[in-house]
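Structure record follows, encoded as structure tokens.
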Amino acid sequence: MTLVSVIIPSFNYGFVIEETLNSLLNQSYANWEAIIIDDGSTDNSREIIKKYAASDKRFKYIFQENKGVSTARNVGIKEAQGSFIQFLDADDLISADKLAIQLSFFAEHPEVDICYTDHVYFEDGKPDILYPDYEMECKDWMPRLCDKGFNILDTLLYSNIAVMSSPLVRKKIVELTGGFPEFSNHTEDWEFWFRCAVNGAHFCYLKHADAKTIIRIHRHSVSKDLRIMREGEIRFRDRISDYICKSLYLSTDEKQKLLAKNRDRKRKLYKLMMYDISLIDVRDLRRMARVSDSKIFFSFYFKALNYKRKALFKK
């Protein structure tokens, strides 16, 4: 039977990780290994995870000093023995038949590298009320595609394609990417899928009511400052250009189209950021200067000044 490696990074999730590990024990497909990387937790995580590891050899516990989720996932990738990898956050759950259904799909579609499924969100303590989005506004954001190359990259230029715990991934494509970017700022999941795509990965959405990821929203969920997220995306877009240029799976024409779209997206994001800050706050201006060259900075600085001047007179 095919071995699936489930990689679980965890930091101070002792209060929910039993539910996550139990969702693995409840899988109808039994040939998996769970590699839990404790990223320097200071709660009771070690005690809980070691209890599972002592009772079931499929669980493996690894402790590291706090280095972040990307480093933890990369440690898990190095330890993984399976032909397929399931990334699973320590506070998420997967449906009982998810692994079995996705493996069956892979057997029927050997050309596919990444199979992703539906996901739902629930507020901690209210597991029966489900939402398609983190904001719990009933907005279905996920693109549903079955493709590779230009079309996947064209979609990933604008937004992420799936939550981290949704796809099941062939290990060979994970190894081609070099793993997760350890320098990324709130874009590591998105960037990982982009790396997969520029390395020729074939993505395919699988619609099946019994194959889904269930994501918990709680007070420990990562709080992301909008400004920091935007700065992280700007830096990510610089790396996107490098990834596209180095891709062996794109034609010259496709590369040029993607690069142009990426430049346009980056300029729009930079404009939005500049229009949103205080133009007399030195700290804000320094942050904006760090994520662009001087030509772009001064161009949008004066555009923002003009925009705010007009807005002031309208009042």
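Every chain in the structure tokens has a letter given in the order shown (A, B, ...), and although residue numbers restart at 1 in each chain, ligands are simply numbered from 1 in the order shown.
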
field: Contact residues around region 194-210 of chain A with only C-alpha atoms at 9 Å, ignoring same-chain residues under 6 positions, as a ChimeraX atom specification
entry: /A:95-98,101-102,105,111-118,143-150,152-153,156-157,160,167,173-174,176-180,240,243-244,246-250

Closest contacts (region 163-270 of chain A/region 283-307 of chain A, max 8 Å, only C-alpha atoms) as CSV:
residue,atom,partner,partner_atom,distance
A:Glu231,CA,A:Val291,CA,7.1
A:Ile234,CA,A:Val291,CA,6.8
A:Arg235,CA,A:Val291,CA,6.7
A:Tyr270,CA,A:Phe300,CA,8.0

File of the preceding selection, C-alpha atoms, as a CSV table (one decimal), in the first residue's frame:
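That gives us again21.csv:
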chain,number,residue,atom,x,y,z
A,231,GLU,CA,4.6,44.3,2.3
A,234,ILE,CA,5.2,43.0,-2.6
A,235,ARG,CA,8.4,41.1,-1.8
A,270,TYR,CA,2.1,49.6,-4.2

task: Identify all residues of region 5-106 of chain A in alpha helix (DSSP H) (DSSP on the backbone) and supply them as a VMD selection string.
output: chain A and resid 17 to 25 45 to 55 69 to 79 98 to 106

Export N, CA and C atoms of the chosen residues as a short mmCIF file (atom, residue, chain, number, x, y, z; two decimals), in the first residue's frame?
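Written out: again-v6.cif:
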data_model
loop_
_atom_site.label_atom_id
_atom_site.label_comp_id
_atom_site.auth_asym_id
_atom_site.auth_seq_id
_atom_site.Cartn_x
_atom_site.Cartn_y
_atom_site.Cartn_z
N ILE A 17 -4.72 19.92 19.60
CA ILE A 17 -4.02 18.98 18.72
C ILE A 17 -4.53 17.54 18.85
N GLU A 18 -5.14 17.20 19.98
CA GLU A 18 -5.71 15.86 20.10
C GLU A 18 -6.79 15.63 19.05
N GLU A 19 -7.61 16.64 18.79
CA GLU A 19 -8.65 16.50 17.77
C GLU A 19 -8.03 16.31 16.38
N THR A 20 -6.94 17.01 16.14
CA THR A 20 -6.25 16.88 14.84
C THR A 20 -5.68 15.48 14.68
N LEU A 21 -5.01 14.98 15.70
CA LEU A 21 -4.42 13.64 15.62
C LEU A 21 -5.50 12.57 15.57
N ASN A 22 -6.61 12.79 16.25
CA ASN A 22 -7.71 11.83 16.20
C ASN A 22 -8.32 11.77 14.79
N SER A 23 -8.29 12.90 14.07
CA SER A 23 -8.84 12.88 12.71
C SER A 23 -7.99 12.01 11.80
N LEU A 24 -6.71 11.81 12.17
CA LEU A 24 -5.87 10.85 11.44
C LEU A 24 -6.20 9.42 11.85
N LEU A 25 -6.36 9.21 13.14
CA LEU A 25 -6.71 7.86 13.61
C LEU A 25 -8.04 7.40 13.02
N SER A 45 2.02 20.61 24.75
CA SER A 45 2.04 19.90 23.47
C SER A 45 2.89 18.65 23.51
N ARG A 46 4.12 18.77 24.06
CA ARG A 46 5.03 17.63 24.07
C ARG A 46 4.39 16.41 24.76
N GLU A 47 3.81 16.64 25.90
CA GLU A 47 3.19 15.54 26.67
C GLU A 47 2.08 14.87 25.86
N ILE A 48 1.24 15.66 25.23
CA ILE A 48 0.11 15.11 24.47
C ILE A 48 0.60 14.33 23.26
N ILE A 49 1.49 14.91 22.48
CA ILE A 49 1.96 14.26 21.25
C ILE A 49 2.73 12.99 21.56
N LYS A 50 3.57 13.02 22.59
CA LYS A 50 4.34 11.83 22.96
C LYS A 50 3.43 10.70 23.41
N LYS A 51 2.29 11.04 24.00
CA LYS A 51 1.31 10.01 24.39
C LYS A 51 0.80 9.27 23.15
N TYR A 52 0.53 10.02 22.08
CA TYR A 52 0.09 9.40 20.83
C TYR A 52 1.21 8.57 20.20
N ALA A 53 2.43 9.11 20.23
CA ALA A 53 3.57 8.40 19.64
C ALA A 53 3.87 7.10 20.38
N ALA A 54 3.63 7.09 21.69
CA ALA A 54 3.89 5.88 22.49
C ALA A 54 2.87 4.79 22.20
N SER A 55 1.66 5.18 21.84
CA SER A 55 0.60 4.19 21.62
C SER A 55 0.44 3.77 20.16
N VAL A 69 6.81 28.30 10.96
CA VAL A 69 6.08 27.20 10.35
C VAL A 69 6.76 26.65 9.10
N SER A 70 7.40 27.52 8.30
CA SER A 70 8.05 27.04 7.07
C SER A 70 9.22 26.13 7.38
N THR A 71 10.05 26.52 8.35
CA THR A 71 11.17 25.68 8.75
C THR A 71 10.67 24.34 9.28
N ALA A 72 9.60 24.39 10.08
CA ALA A 72 9.03 23.15 10.62
C ALA A 72 8.56 22.23 9.50
N ARG A 73 7.88 22.78 8.52
CA ARG A 73 7.40 21.96 7.40
C ARG A 73 8.58 21.37 6.62
N ASN A 74 9.64 22.16 6.44
CA ASN A 74 10.80 21.66 5.71
C ASN A 74 11.49 20.52 6.46
N VAL A 75 11.49 20.59 7.78
CA VAL A 75 12.02 19.48 8.58
C VAL A 75 11.17 18.23 8.33
N GLY A 76 9.86 18.41 8.29
CA GLY A 76 8.96 17.29 8.03
C GLY A 76 9.17 16.68 6.67
N ILE A 77 9.41 17.52 5.67
CA ILE A 77 9.65 17.02 4.30
C ILE A 77 10.89 16.13 4.27
N LYS A 78 11.95 16.55 4.96
CA LYS A 78 13.19 15.76 4.99
C LYS A 78 12.98 14.41 5.67
N GLU A 79 12.09 14.36 6.65
CA GLU A 79 11.84 13.12 7.38
C GLU A 79 10.84 12.20 6.68
N LYS A 98 -10.82 11.33 3.37
CA LYS A 98 -10.08 12.25 2.50
C LYS A 98 -8.88 11.56 1.83
N LEU A 99 -8.03 10.94 2.60
CA LEU A 99 -6.84 10.32 2.03
C LEU A 99 -7.20 9.20 1.06
N ALA A 100 -8.15 8.38 1.44
CA ALA A 100 -8.55 7.25 0.59
C ALA A 100 -9.10 7.74 -0.75
N ILE A 101 -9.95 8.76 -0.71
CA ILE A 101 -10.57 9.28 -1.95
C ILE A 101 -9.52 9.92 -2.85
N GLN A 102 -8.62 10.69 -2.27
CA GLN A 102 -7.60 11.35 -3.09
C GLN A 102 -6.61 10.34 -3.68
N LEU A 103 -6.23 9.33 -2.92
CA LEU A 103 -5.32 8.31 -3.45
C LEU A 103 -5.97 7.54 -4.59
N SER A 104 -7.26 7.27 -4.47
CA SER A 104 -7.98 6.61 -5.55
C SER A 104 -7.99 7.48 -6.81
N PHE A 105 -8.15 8.78 -6.62
CA PHE A 105 -8.13 9.72 -7.74
C PHE A 105 -6.75 9.72 -8.41
N PHE A 106 -5.69 9.73 -7.61
CA PHE A 106 -4.33 9.70 -8.16
C PHE A 106 -4.10 8.41 -8.96
#

task: Using only C-alpha atoms, pick whichever of A:Tyr61, A:Glu137, A:Ile85, A:Ile94 has the shortest atom-to-atom distance to Gln27 (chain A).
output: A:Ile94

message: Calculated over only C-alpha atoms, which of the candidates A:Ser83, A:Ser159, A:Gln256, A:Ser10 has the smallest distance to Gly40 (chain A)?
response: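 Nearest candidate to Gly40 (chain A) out of A:Ser83, A:Ser159, A:Gln256, A:Ser10: A:Ser10.
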
message: Considering only C-alpha atoms, can you say which of A:Thr2, A:Ile35, A:His218, A:Asp140 comes closest to Ala107 (chain A)?
response: A:Thr2

message: as a PyMOL selection string, please: the residues near Ser184 (chain A) (cut-off 12 Å, only C-alpha atoms, same-chain neighbours under 5 positions excluded).
response: chain A and resi 68-71+189-192+228-239

message: When DSSP is applied to the backbone of this structure, which of region 41-83 of chain A are assigned strand (DSSP E or B)? Write them out as a ChimeraX atom specification.
response: /A:59-64

Convert the current residue selection to file output with N, CA and C atoms, as a CSV table (one decimal), in the first residue's frame.
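Dumped to result02.csv:
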chain,number,residue,atom,x,y,z
A,59,PHE,N,2.9,7.8,14.6
A,59,PHE,CA,3.2,9.1,15.0
A,59,PHE,C,4.6,9.3,15.4
A,60,LYS,N,5.3,10.4,14.8
A,60,LYS,CA,6.7,10.7,15.1
A,60,LYS,C,6.8,12.1,15.6
A,61,TYR,N,7.4,12.3,16.8
A,61,TYR,CA,7.5,13.6,17.4
A,61,TYR,C,8.9,14.2,17.2
A,62,ILE,N,9.0,15.4,16.7
A,62,ILE,CA,10.2,16.1,16.5
A,62,ILE,C,10.1,17.5,17.2
A,63,PHE,N,11.1,17.8,18.0
A,63,PHE,CA,11.1,19.1,18.7
A,63,PHE,C,12.2,20.0,18.1
A,64,GLN,N,11.9,21.3,17.8
A,64,GLN,CA,12.9,22.2,17.4
A,64,GLN,C,12.7,23.5,18.1

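CA of His109 (chain A) to CA of Asn26 (chain A) spans 25.7 Å [interatomic distance, one decimal].
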
- request: To one decimal in Å, tell me the separation between CA of Thr42 (chain A) and CA of Ser165 (chain A).
  value: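 For CA of Thr42 (chain A) relative to CA of Ser165 (chain A), the distance reads 24.2 Å.
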
task: Write out as an MDAnalysis selection string each polymer residue whose atoms come within 10 Å of region 121-131 of chain A, counting only C-alpha atoms; drop sequence neighbours fewer than 2 positions from it.
output: chainID A and resid 16 91:92 119 133:140 213:219

- line: Counting only C-alpha atoms, the residue among A:Glu182, A:Glu108, A:Asp154, A:Asp38 that lies closest to Leu258 (chain A) is A:Asp154

- request: To one decimal in Å, tell me the separation between CA of Ser278 (chain A) and CA of Asn262 (chain A).
  value: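 Between these atoms lies a distance of 26.2 Å.
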